[in-house]
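Below: structure.cif (mmCIF, C-alpha atoms)
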data_data
loop_
_atom_site.label_atom_id
_atom_site.label_comp_id
_atom_site.auth_asym_id
_atom_site.auth_seq_id
_atom_site.Cartn_x
_atom_site.Cartn_y
_atom_site.Cartn_z
CA MET A 1 153.67 -65.33 -57.99
CA THR A 2 153.68 -66.31 -54.32
CA SER A 3 157.01 -66.03 -52.51
CA ASP A 4 158.12 -68.17 -49.62
CA PRO A 5 156.97 -66.61 -46.35
CA VAL A 6 159.44 -64.40 -44.52
CA PRO A 7 160.57 -66.52 -41.55
CA ALA A 8 159.01 -65.30 -38.31
CA SER A 9 161.46 -63.45 -36.08
CA GLY A 10 159.63 -64.31 -32.86
CA THR A 11 158.82 -60.65 -32.07
CA VAL A 12 155.19 -59.50 -31.82
CA HIS A 13 154.12 -55.83 -31.79
CA TRP A 14 150.58 -55.57 -30.32
CA ILE A 15 149.18 -52.11 -31.07
CA GLY A 16 146.37 -50.83 -28.87
CA ALA A 17 145.12 -51.84 -25.43
CA GLY A 18 141.43 -51.03 -25.69
CA LEU A 19 138.32 -52.97 -24.74
CA SER A 20 139.14 -56.00 -26.92
CA THR A 21 142.67 -56.59 -25.62
CA GLY A 22 142.66 -59.40 -23.06
CA SER A 23 144.17 -62.76 -22.22
CA GLY A 24 145.17 -63.40 -25.83
CA LEU A 25 148.06 -61.02 -25.22
CA ALA A 26 149.12 -63.13 -22.24
CA ALA A 27 149.02 -66.24 -24.44
CA LEU A 28 151.40 -64.56 -26.88
CA CYS A 29 153.75 -63.66 -24.02
CA ASP A 30 153.95 -67.41 -23.38
CA THR A 31 154.62 -68.19 -27.05
CA ALA A 32 156.56 -65.38 -28.68
CA GLU A 33 160.18 -64.64 -27.92
CA ARG A 34 159.44 -60.94 -27.44
CA VAL A 35 156.21 -58.92 -27.15
CA ARG A 36 155.88 -55.15 -27.30
CA LEU A 37 152.63 -53.41 -26.37
CA TRP A 38 152.18 -50.11 -28.16
CA HIS A 39 149.66 -47.61 -26.78
CA ARG A 40 149.07 -43.86 -26.82
CA THR A 41 151.82 -43.25 -24.30
CA GLU A 42 154.42 -45.52 -22.76
CA SER A 43 152.90 -45.01 -19.31
CA ARG A 44 149.45 -46.03 -20.54
CA ALA A 45 150.95 -49.11 -22.16
CA ALA A 46 152.66 -49.94 -18.85
CA ASP A 47 149.37 -49.42 -16.98
CA ALA A 48 147.63 -51.79 -19.39
CA LEU A 49 150.30 -54.43 -18.83
CA ASP A 50 149.84 -54.05 -15.06
CA ARG A 51 146.08 -54.45 -15.46
CA LEU A 52 146.57 -57.61 -17.50
CA GLY A 53 149.15 -59.02 -15.08
CA LEU A 54 151.85 -58.82 -17.74
CA ALA A 55 154.27 -56.30 -16.23
CA GLY A 56 157.79 -57.41 -17.08
CA ARG A 57 156.57 -59.90 -19.68
CA ALA A 58 156.01 -57.37 -22.48
CA GLU A 59 157.72 -54.08 -23.28
CA PRO A 60 155.58 -50.90 -23.17
CA ARG A 61 155.94 -48.46 -26.05
CA ALA A 62 154.38 -45.12 -27.10
CA TYR A 63 152.74 -45.65 -30.48
CA THR A 64 153.20 -43.61 -33.58
CA LEU A 65 153.61 -45.18 -36.99
CA ALA A 66 157.07 -43.64 -37.27
CA ALA A 67 158.12 -44.97 -33.86
CA LEU A 68 156.92 -48.47 -34.72
CA THR A 69 158.71 -48.40 -38.07
CA THR A 70 162.07 -47.75 -36.43
CA GLU A 71 161.70 -50.97 -34.39
CA LEU A 72 160.17 -53.14 -37.11
CA ALA A 73 162.34 -55.96 -38.41
CA PRO A 74 161.75 -58.60 -41.12
CA GLY A 75 159.65 -61.46 -39.79
CA ASP A 76 158.12 -59.45 -36.93
CA VAL A 77 154.35 -59.74 -36.51
CA VAL A 78 152.28 -56.56 -36.14
CA VAL A 79 148.89 -57.02 -34.46
CA SER A 80 146.60 -54.05 -35.03
CA MET A 81 143.82 -53.33 -32.54
CA LEU A 82 143.49 -49.86 -34.07
CA PRO A 83 140.35 -48.60 -35.86
CA ALA A 84 139.95 -50.22 -39.29
CA PRO A 85 140.86 -47.07 -41.31
CA GLU A 86 144.35 -47.20 -39.76
CA HIS A 87 145.09 -50.75 -40.95
CA ALA A 88 146.09 -49.88 -44.52
CA PRO A 89 148.97 -47.47 -43.75
CA LEU A 90 150.18 -49.87 -41.09
CA LEU A 91 150.09 -52.77 -43.53
CA ALA A 92 152.00 -50.70 -46.09
CA GLU A 93 154.86 -50.30 -43.61
CA CYS A 94 154.75 -54.02 -42.83
CA VAL A 95 155.11 -54.88 -46.51
CA ARG A 96 158.02 -52.47 -46.88
CA ARG A 97 159.77 -53.94 -43.86
CA GLY A 98 158.93 -57.60 -44.53
CA ALA A 99 156.81 -57.87 -41.37
CA HIS A 100 153.61 -59.89 -41.06
CA PHE A 101 150.26 -58.24 -40.23
CA ALA A 102 147.24 -59.43 -38.23
CA CYS A 103 143.93 -57.88 -37.19
CA SER A 104 140.42 -58.92 -36.21
CA SER A 105 138.64 -56.55 -38.62
CA TYR A 106 136.88 -57.18 -41.92
CA VAL A 107 139.01 -56.87 -45.03
CA SER A 108 138.75 -53.34 -46.41
CA GLU A 109 139.34 -52.32 -50.01
CA ALA A 110 142.43 -50.39 -48.91
CA VAL A 111 143.88 -53.55 -47.35
CA LEU A 112 142.91 -55.70 -50.34
CA GLU A 113 144.81 -53.37 -52.67
CA GLN A 114 148.04 -54.21 -50.82
CA VAL A 115 147.60 -57.98 -50.74
CA PRO A 116 149.44 -58.65 -54.07
CA ALA A 117 152.48 -56.72 -52.84
CA ALA A 118 152.35 -58.52 -49.51
CA GLU A 119 152.14 -61.90 -51.22
CA LYS A 120 155.10 -61.06 -53.44
CA ALA A 121 157.09 -59.93 -50.39
CA GLY A 122 156.34 -63.15 -48.47
CA VAL A 123 154.22 -61.29 -45.91
CA VAL A 124 151.21 -62.92 -44.20
CA VAL A 125 148.10 -60.73 -43.94
CA LEU A 126 145.74 -62.25 -41.38
CA THR A 127 142.30 -60.64 -41.09
CA GLU A 128 138.83 -61.41 -39.71
CA ALA A 129 140.39 -63.33 -36.83
CA GLY A 130 138.34 -62.22 -33.83
CA LEU A 131 134.83 -62.99 -32.64
CA ASP A 132 132.65 -61.53 -35.39
CA PRO A 133 134.30 -61.72 -37.82
CA GLY A 134 136.34 -64.72 -36.75
CA ILE A 135 134.73 -67.42 -34.64
CA ASP A 136 131.53 -67.00 -36.67
CA HIS A 137 133.52 -68.00 -39.79
CA LEU A 138 134.87 -71.07 -37.99
CA PHE A 139 131.37 -72.14 -37.01
CA ALA A 140 129.96 -71.59 -40.50
CA HIS A 141 132.72 -73.48 -42.33
CA ALA A 142 132.42 -76.42 -39.93
CA LEU A 143 128.62 -76.58 -40.33
CA VAL A 144 128.75 -76.34 -44.13
CA ALA A 145 131.27 -79.20 -44.27
CA ARG A 146 129.05 -81.43 -42.12
CA ALA A 147 125.99 -80.61 -44.23
CA ARG A 148 127.84 -81.27 -47.50
CA GLU A 149 128.91 -84.67 -46.24
CA ALA A 150 125.33 -85.51 -45.22
CA ILE A 151 123.48 -84.15 -48.27
CA GLY A 152 126.05 -84.25 -51.11
CA ASP A 153 127.36 -81.34 -53.18
CA GLY A 154 125.52 -82.30 -56.34
CA THR A 155 122.14 -82.92 -54.72
CA PRO A 156 119.65 -80.08 -55.33
CA ALA A 157 118.69 -78.60 -51.99
CA SER A 158 117.57 -75.40 -50.31
CA TYR A 159 119.03 -74.02 -47.12
CA THR A 160 118.79 -71.41 -44.39
CA LEU A 161 121.96 -70.08 -42.78
CA THR A 162 121.81 -67.50 -40.01
CA SER A 163 124.75 -66.10 -38.06
CA TYR A 164 123.98 -63.66 -35.25
CA CYS A 165 126.44 -62.23 -32.74
CA GLY A 166 126.15 -59.65 -30.00
CA GLY A 167 127.82 -58.25 -26.93
CA VAL A 168 125.15 -57.50 -24.32
CA PRO A 169 125.06 -56.80 -20.57
CA ALA A 170 125.16 -59.93 -18.42
CA VAL A 171 122.59 -58.26 -16.17
CA PRO A 172 120.00 -56.52 -18.37
CA ASN A 173 119.65 -52.77 -17.91
CA ASP A 174 117.08 -50.24 -19.12
CA PHE A 175 119.18 -49.47 -22.20
CA THR A 176 119.50 -53.25 -22.88
CA TYR A 177 123.10 -52.67 -23.93
CA ARG A 178 126.69 -52.40 -22.69
CA PHE A 179 129.27 -50.69 -24.91
CA SER A 180 132.01 -53.21 -25.61
CA TRP A 181 133.48 -51.09 -28.41
CA ALA A 182 133.45 -47.41 -29.31
CA PRO A 183 129.91 -45.93 -29.29
CA ALA A 184 130.66 -44.07 -32.53
CA GLY A 185 131.39 -47.39 -34.21
CA VAL A 186 128.14 -48.88 -32.93
CA LEU A 187 126.09 -45.96 -34.28
CA ASN A 188 127.84 -45.79 -37.65
CA ALA A 189 127.33 -49.52 -38.16
CA LEU A 190 123.59 -48.93 -37.76
CA ARG A 191 123.74 -46.19 -40.41
CA SER A 192 125.16 -48.59 -43.01
CA PRO A 193 122.70 -50.50 -45.25
CA ALA A 194 122.56 -54.28 -44.93
CA ARG A 195 122.26 -56.74 -47.85
CA TYR A 196 121.11 -60.30 -47.27
CA ILE A 197 118.96 -63.07 -48.73
CA GLU A 198 115.38 -63.57 -47.57
CA ASP A 199 112.68 -65.74 -49.14
CA GLY A 200 115.18 -66.64 -51.86
CA ALA A 201 115.79 -63.05 -52.98
CA GLU A 202 118.48 -60.48 -52.26
CA THR A 203 117.15 -57.82 -49.91
CA VAL A 204 118.58 -54.47 -48.79
CA ALA A 205 117.68 -52.79 -45.50
CA ASP A 206 118.72 -49.13 -45.68
CA ARG A 207 118.05 -48.86 -41.94
CA PRO A 208 119.05 -52.25 -40.55
CA TRP A 209 117.16 -51.84 -37.28
CA GLU A 210 113.90 -51.66 -39.25
CA ALA A 211 114.51 -55.32 -40.22
CA THR A 212 114.72 -56.40 -36.55
CA ARG A 213 112.91 -59.61 -35.64
CA ARG A 214 112.66 -61.96 -32.69
CA HIS A 215 115.07 -64.91 -32.64
CA LEU A 216 115.04 -67.85 -30.26
CA VAL A 217 118.42 -69.11 -29.02
CA GLY A 218 118.57 -71.93 -26.49
CA GLY A 219 115.05 -71.15 -25.29
CA GLU A 220 115.79 -67.43 -24.82
CA THR A 221 114.27 -64.73 -27.01
CA PHE A 222 116.57 -62.11 -28.53
CA GLU A 223 116.16 -59.41 -31.16
CA VAL A 224 118.31 -59.65 -34.29
CA TYR A 225 118.91 -57.55 -37.38
CA PRO A 226 121.10 -57.90 -40.50
CA ASN A 227 124.33 -55.98 -40.90
CA ARG A 228 126.86 -55.28 -43.65
CA ASP A 229 126.78 -57.39 -46.81
CA SER A 230 125.97 -61.06 -46.17
CA VAL A 231 125.84 -62.14 -49.82
CA PRO A 232 129.60 -62.58 -50.54
CA PHE A 233 129.82 -65.08 -47.69
CA VAL A 234 127.75 -67.61 -49.64
CA ALA A 235 130.85 -68.20 -51.74
CA GLN A 236 133.31 -67.67 -48.88
CA TYR A 237 131.63 -70.41 -46.84
CA GLY A 238 131.78 -72.88 -49.75
CA LEU A 239 128.07 -73.60 -50.13
CA PRO A 240 127.50 -75.89 -53.15
CA ASP A 241 126.19 -74.41 -56.39
CA ALA A 242 123.42 -77.02 -56.43
CA TRP A 243 122.01 -75.61 -53.20
CA THR A 244 119.66 -72.62 -53.26
CA PRO A 245 119.52 -70.19 -50.33
CA ARG A 246 116.10 -69.56 -48.83
CA THR A 247 117.63 -67.34 -46.16
CA PHE A 248 121.25 -66.27 -45.73
CA VAL A 249 121.89 -63.55 -43.20
CA ARG A 250 124.75 -62.47 -40.96
CA GLY A 251 123.69 -60.00 -38.33
CA THR A 252 123.69 -58.57 -34.85
CA LEU A 253 121.99 -59.93 -31.74
CA ARG A 254 120.50 -57.80 -28.98
CA LEU A 255 118.51 -58.44 -25.82
CA GLU A 256 114.73 -58.55 -26.08
CA GLY A 257 113.37 -55.01 -25.74
CA TRP A 258 116.35 -53.39 -27.49
CA LEU A 259 114.28 -51.99 -30.36
CA ARG A 260 111.96 -50.20 -27.96
CA ALA A 261 114.75 -49.00 -25.63
CA TRP A 262 116.69 -47.49 -28.52
CA ASP A 263 113.78 -45.72 -30.20
CA GLY A 264 115.19 -42.27 -29.39
CA VAL A 265 118.59 -43.25 -30.80
CA PHE A 266 116.99 -44.38 -34.05
CA GLU A 267 115.20 -41.06 -34.44
CA GLU A 268 118.57 -39.30 -34.11
CA LEU A 269 120.14 -41.67 -36.67
CA LYS A 270 117.41 -40.86 -39.18
CA ALA A 271 117.84 -37.10 -38.87
CA GLY A 272 121.39 -36.51 -37.69
CA ASP A 273 124.44 -35.55 -39.72
CA ASP A 274 127.96 -36.79 -38.98
CA ALA A 275 128.61 -34.08 -36.38
CA ARG A 276 125.39 -34.82 -34.52
CA ILE A 277 126.02 -38.57 -34.52
CA ALA A 278 129.54 -38.03 -33.18
CA ALA A 279 128.08 -35.90 -30.38
CA LEU A 280 125.41 -38.50 -29.69
CA ALA A 281 128.09 -41.16 -29.33
CA GLN A 282 129.78 -39.07 -26.64
CA GLU A 283 126.46 -38.49 -24.88
CA LEU A 284 125.66 -42.21 -24.83
CA ALA A 285 129.14 -43.07 -23.53
CA ALA A 286 128.63 -40.60 -20.66
CA THR A 287 125.07 -41.72 -19.91
CA TYR A 288 125.81 -45.45 -20.05
CA PRO A 289 129.42 -45.82 -18.89
CA THR A 290 131.04 -49.22 -18.64
CA THR A 291 132.36 -49.65 -15.10
CA GLU A 292 134.67 -52.23 -13.57
CA ASP A 293 131.67 -53.79 -11.82
CA ASP A 294 129.79 -54.43 -15.07
CA ARG A 295 129.91 -57.85 -16.65
CA ASP A 296 129.34 -58.39 -20.32
CA ARG A 297 127.89 -61.37 -22.12
CA VAL A 298 128.74 -62.53 -25.63
CA VAL A 299 126.25 -64.62 -27.59
CA LEU A 300 127.12 -66.05 -31.02
CA ALA A 301 124.61 -68.36 -32.67
CA VAL A 302 125.23 -69.85 -36.12
CA SER A 303 122.79 -72.35 -37.60
CA LEU A 304 122.37 -74.15 -40.92
CA ASP A 305 119.31 -76.09 -42.08
CA VAL A 306 119.35 -77.94 -45.42
CA ARG A 307 116.45 -79.66 -47.16
CA ALA A 308 117.16 -81.73 -50.27
CA GLY A 309 114.64 -82.41 -53.02
CA THR A 310 114.85 -86.09 -52.12
CA GLY A 311 113.39 -85.32 -48.70
CA ARG A 312 116.72 -85.74 -46.93
CA THR A 313 117.41 -83.03 -44.34
CA TRP A 314 120.29 -81.89 -42.18
CA SER A 315 120.25 -79.35 -39.36
CA GLY A 316 123.04 -78.07 -37.16
CA GLY A 317 124.19 -75.13 -35.12
CA TYR A 318 126.92 -73.75 -32.89
CA LEU A 319 126.24 -71.65 -29.81
CA LEU A 320 128.79 -69.62 -27.86
CA ASP A 321 127.39 -67.95 -24.73
CA LEU A 322 130.04 -66.51 -22.39
CA VAL A 323 129.97 -64.05 -19.49
CA GLY A 324 132.92 -61.86 -18.56
CA ASP A 325 134.58 -61.96 -15.16
CA ALA A 326 136.69 -59.68 -12.97
CA ARG A 327 139.82 -60.47 -14.99
CA GLU A 328 138.49 -59.64 -18.46
CA SER A 329 135.33 -59.13 -20.45
CA ALA A 330 133.86 -61.93 -22.53
CA MET A 331 134.40 -59.76 -25.61
CA ALA A 332 138.10 -59.30 -24.85
CA ARG A 333 138.48 -63.03 -24.21
CA CYS A 334 136.88 -64.06 -27.50
CA VAL A 335 138.55 -61.45 -29.70
CA SER A 336 142.04 -61.52 -28.22
CA ARG A 337 142.35 -65.30 -27.82
CA THR A 338 141.21 -65.93 -31.39
CA LEU A 339 143.55 -63.29 -32.75
CA ALA A 340 146.44 -64.62 -30.64
CA LEU A 341 145.77 -68.12 -31.98
CA GLY A 342 146.08 -66.76 -35.52
CA VAL A 343 149.31 -64.97 -34.65
CA ARG A 344 150.75 -68.19 -33.26
CA HIS A 345 150.06 -69.80 -36.62
CA VAL A 346 151.94 -66.94 -38.26
CA LEU A 347 154.83 -67.53 -35.87
CA ASP A 348 154.95 -71.27 -36.61
CA GLY A 349 154.93 -70.63 -40.38
CA SER A 350 151.72 -72.53 -41.09
CA LEU A 351 149.94 -69.62 -42.83
CA PRO A 352 150.91 -68.77 -46.43
CA PRO A 353 151.89 -65.28 -47.63
CA GLY A 354 149.04 -63.07 -48.78
CA LEU A 355 145.48 -62.80 -47.50
CA ASN A 356 144.27 -65.19 -44.79
CA ARG A 357 141.04 -65.10 -42.80
CA ALA A 358 140.38 -66.89 -39.53
CA ALA A 359 139.29 -69.90 -41.53
CA GLU A 360 138.88 -70.63 -45.19
CA THR A 361 138.66 -74.41 -45.04
CA ALA A 362 136.65 -76.79 -42.91
CA ALA A 363 139.78 -78.62 -41.77
CA ARG A 364 141.42 -75.45 -40.52
CA SER A 365 138.18 -74.36 -38.86
CA GLU A 366 137.95 -77.62 -36.94
CA GLN A 367 141.59 -77.25 -35.89
CA TRP A 368 141.08 -73.69 -34.64
CA LEU A 369 137.89 -74.66 -32.80
CA ARG A 370 139.71 -77.46 -31.00
CA GLU A 371 142.49 -75.08 -30.02
CA LEU A 372 140.07 -72.38 -28.84
CA ALA A 373 138.16 -74.91 -26.74
CA GLU A 374 141.42 -75.98 -25.10
CA GLU A 375 142.05 -72.33 -24.21
CA GLY A 376 138.72 -71.76 -22.50
CA VAL A 377 136.55 -70.34 -25.29
CA GLU A 378 133.59 -72.66 -24.74
CA PHE A 379 130.79 -73.43 -27.20
CA THR A 380 128.34 -76.20 -28.03
CA LEU A 381 127.49 -78.00 -31.27
CA ARG A 382 124.10 -79.35 -32.30
CA ALA A 383 123.93 -81.57 -35.39
CA GLU A 384 120.95 -83.62 -36.57
CA ARG A 385 119.99 -85.56 -39.67
#
Would you mind writing the file out in structure tokens?
Amino acid sequence: MTSDPVPASGTVHWIGAGLSTGSGLAALCDTAERVRLWHRTESRAADALDRLGLAGRAEPRAYTLAALTTELAPGDVVVSMLPAPEHAPLLAECVRRGAHFACSSYVSEAVLEQVPAAEKAGVVVLTEAGLDPGIDHLFAHALVARAREAIGDGTPASYTLTSYCGGVPAVPNDFTYRFSWAPAGVLNALRSPARYIEDGAETVADRPWEATRRHLVGGETFEVYPNRDSVPFVAQYGLPDAWTPRTFVRGTLRLEGWLRAWDGVFEELKAGDDARIAALAQELAATYPTTEDDRDRVVLAVSLDVRAGTGRTWSGGYLLDLVGDARESAMARCVSRTLALGVRHVLDGSLPPGLNRAAETAARSEQWLRELAEEGVEFTLRAER
């Protein structure tokens, strides 16, 4: 049984000030009654607020779960920018205290297990509200809705849906990459098998990079490969049962030449154990540091092509292509502004208790896309019949 949501208190606890924390935090300082930034130490939290131009607008705090718990009140919103394994214990405290929870990460099994208790307690659990996952969901839901209107749910059809996202250097380098999140996370993602649909059949790539192919986006050639498990998103995106997937893949986008530049890394991934991969991550971070002079580029391309048995066709796609500036990276802009938008919807009471993703309906996707565009997250839409 779903309870009424716990009324929002107006206080937001933003935990973590890493590479993905940006102007979204400033947007929350404009909206929320009180914002607290929790980081490893209070001084580092204060430094982060200075860097973001938010000194005096948010309160710096030294983060431990126990310290947060002492300040957590019913209706507060906790925003976790921590590594995904730390979400579940944090959510457990939120449920106990009647506080809402938000993150940009995929839903884990450990988080899912707590959703019934959260729903019963009137607690909102917002997940997958960043760039990827997040904006990619918004694009996909909006495209599927347009295609359904054009083709019809009950009309037999086949379709191809591809969703590729990547953070790359704005100025290509020899490594063809710029670390916009922890190197260990990048490497471990490559070690995880990918499941997707190709030529109408489910396919598994044990080493995702071995499924890399060229992909044209806006006249530019990239290299793309599948990641994670794409198959559950067929249902999540609301594709009609009468439609048959030819190709359905969610994956990662890299600059052309990435596969060749990373050949030595792949050899290590094939042979290395956990300790070696952890060491490799540190070596790569030292060899290819991200400096204040670097500028990143985020490219997210989602496309859907549908062909009905009657000969009717529909084709559409969204493209987001942003470059970071001196104030913040493109990655931080996309992740933090999307997440902050979701938190504002928690604050205004428009999200129900229990599990919510960035978008689970076309109408809400269109609303979020309009709001993101107003806040400077720019993208283009192509739609053809």
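Those residues returned by the PyMOL selection byres ((chain A and resi 323) around 10) for this file are A:Gly167, A:Val168, A:Pro169, A:Ala170, A:Val171, A:Arg295, A:Asp296, A:Arg297, A:Val298, A:Val299, A:Asp321, A:Leu322, A:Gly324, A:Asp325, A:Glu328, A:Ser329, A:Ala330, A:Met331, A:Arg333.
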Selected by the PyMOL selection byres ((chain A and resi 121) around 9) in the shown coordinates: which residues, as a PyMOL selection string?
chain A and resi 2-6+95-96+98+116-120+122-123+353-354
Mind telling me what the PyMOL selection byres ((chain A and resi 152) around 12) catches here, as number ranges by chain?
A: 144-151, 153-157, 239-243, 306-310, 312-314
Selected residue of minimal separation from Arg246 of chain A among A:Gly200, A:Pro83, A:Gly134, A:Gly264, counting all atoms listed in the file:
A:Gly200
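Distance annotation: of A:Gly376, A:Ala332, A:Leu355, A:Leu65, the residue with the minimal separation from Val111 of chain A is A:Leu355; atom set is all atoms listed in the file.
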Record the distance separating atom CA of Trp209 of chain A and atom CA of Ala84 of chain A, expressed in Å with one decimal.
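A separation of 22.9 Å between them.
Take atom CA of Glu210 of chain A and atom CA of Ala184 of chain A: the distance between them is 19.6 Å.
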What does the distance between atom CA of Thr160 of chain A and atom CA of Thr247 of chain A come to in Å, to one decimal place?
4.6 Å
Leu54 of chain A: which residues within 10 Å, counting all atoms listed in the file, same-chain residues fewer than 5 positions away excluded, as an NGL selection string?
:A and (23 or 25-26 or 29 or 46-49 or 59)
Using all atoms listed in the file, which of A:Arg57, A:Arg44, A:His100, A:Arg276 sits nearest Thr31 of chain A?
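With all atoms listed in the file as the atom set, the closest residue is A:Arg57.
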Give as a list in words every residue, naming chains and numbers as the document does, that has an atom within 6 Å of (133.1, -73.3, -34.6), counting all atoms listed in the file.
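Checked against the point, the hits come out as Leu138, Phe139 and Leu369 of chain A.
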Missing atoms of segment 133-151 of chain A rebuilt to N, CA and C atoms, written as a CSV table (one decimal), in the frame of the given file:
chain,number,residue,atom,x,y,z
A,133,PRO,N,134.0,-60.5,-37.1
A,133,PRO,CA,134.3,-61.7,-37.8
A,133,PRO,C,135.4,-62.5,-37.1
A,134,GLY,N,135.3,-63.8,-37.3
A,134,GLY,CA,136.3,-64.7,-36.8
A,134,GLY,C,135.7,-66.0,-36.4
A,135,ILE,N,135.3,-66.2,-35.1
A,135,ILE,CA,134.7,-67.4,-34.6
A,135,ILE,C,133.5,-67.8,-35.4
A,136,ASP,N,132.7,-66.7,-35.8
A,136,ASP,CA,131.5,-67.0,-36.7
A,136,ASP,C,131.9,-67.7,-38.0
A,137,HIS,N,133.0,-67.3,-38.6
A,137,HIS,CA,133.5,-68.0,-39.8
A,137,HIS,C,133.9,-69.5,-39.5
A,138,LEU,N,134.5,-69.7,-38.4
A,138,LEU,CA,134.9,-71.1,-38.0
A,138,LEU,C,133.6,-71.9,-37.9
A,139,PHE,N,132.6,-71.4,-37.2
A,139,PHE,CA,131.4,-72.1,-37.0
A,139,PHE,C,130.7,-72.4,-38.4
A,140,ALA,N,130.6,-71.4,-39.2
A,140,ALA,CA,130.0,-71.6,-40.5
A,140,ALA,C,130.7,-72.6,-41.4
A,141,HIS,N,132.0,-72.5,-41.5
A,141,HIS,CA,132.7,-73.5,-42.3
A,141,HIS,C,132.5,-74.9,-41.8
A,142,ALA,N,132.6,-75.1,-40.5
A,142,ALA,CA,132.4,-76.4,-39.9
A,142,ALA,C,131.0,-77.0,-40.2
A,143,LEU,N,130.0,-76.1,-40.1
A,143,LEU,CA,128.6,-76.6,-40.3
A,143,LEU,C,128.4,-76.9,-41.8
A,144,VAL,N,128.9,-76.1,-42.7
A,144,VAL,CA,128.8,-76.3,-44.1
A,144,VAL,C,129.4,-77.7,-44.5
A,145,ALA,N,130.6,-77.9,-44.0
A,145,ALA,CA,131.3,-79.2,-44.3
A,145,ALA,C,130.5,-80.4,-43.8
A,146,ARG,N,129.9,-80.3,-42.6
A,146,ARG,CA,129.0,-81.4,-42.1
A,146,ARG,C,127.8,-81.6,-43.0
A,147,ALA,N,127.2,-80.5,-43.4
A,147,ALA,CA,126.0,-80.6,-44.2
A,147,ALA,C,126.3,-81.2,-45.6
A,148,ARG,N,127.4,-80.8,-46.2
A,148,ARG,CA,127.8,-81.3,-47.5
A,148,ARG,C,128.1,-82.8,-47.5
A,149,GLU,N,128.7,-83.2,-46.4
A,149,GLU,CA,128.9,-84.7,-46.2
A,149,GLU,C,127.6,-85.4,-46.1
A,150,ALA,N,126.6,-84.8,-45.4
A,150,ALA,CA,125.3,-85.5,-45.2
A,150,ALA,C,124.4,-85.5,-46.4
A,151,ILE,N,124.4,-84.4,-47.2
A,151,ILE,CA,123.5,-84.2,-48.3
A,151,ILE,C,124.1,-84.5,-49.6
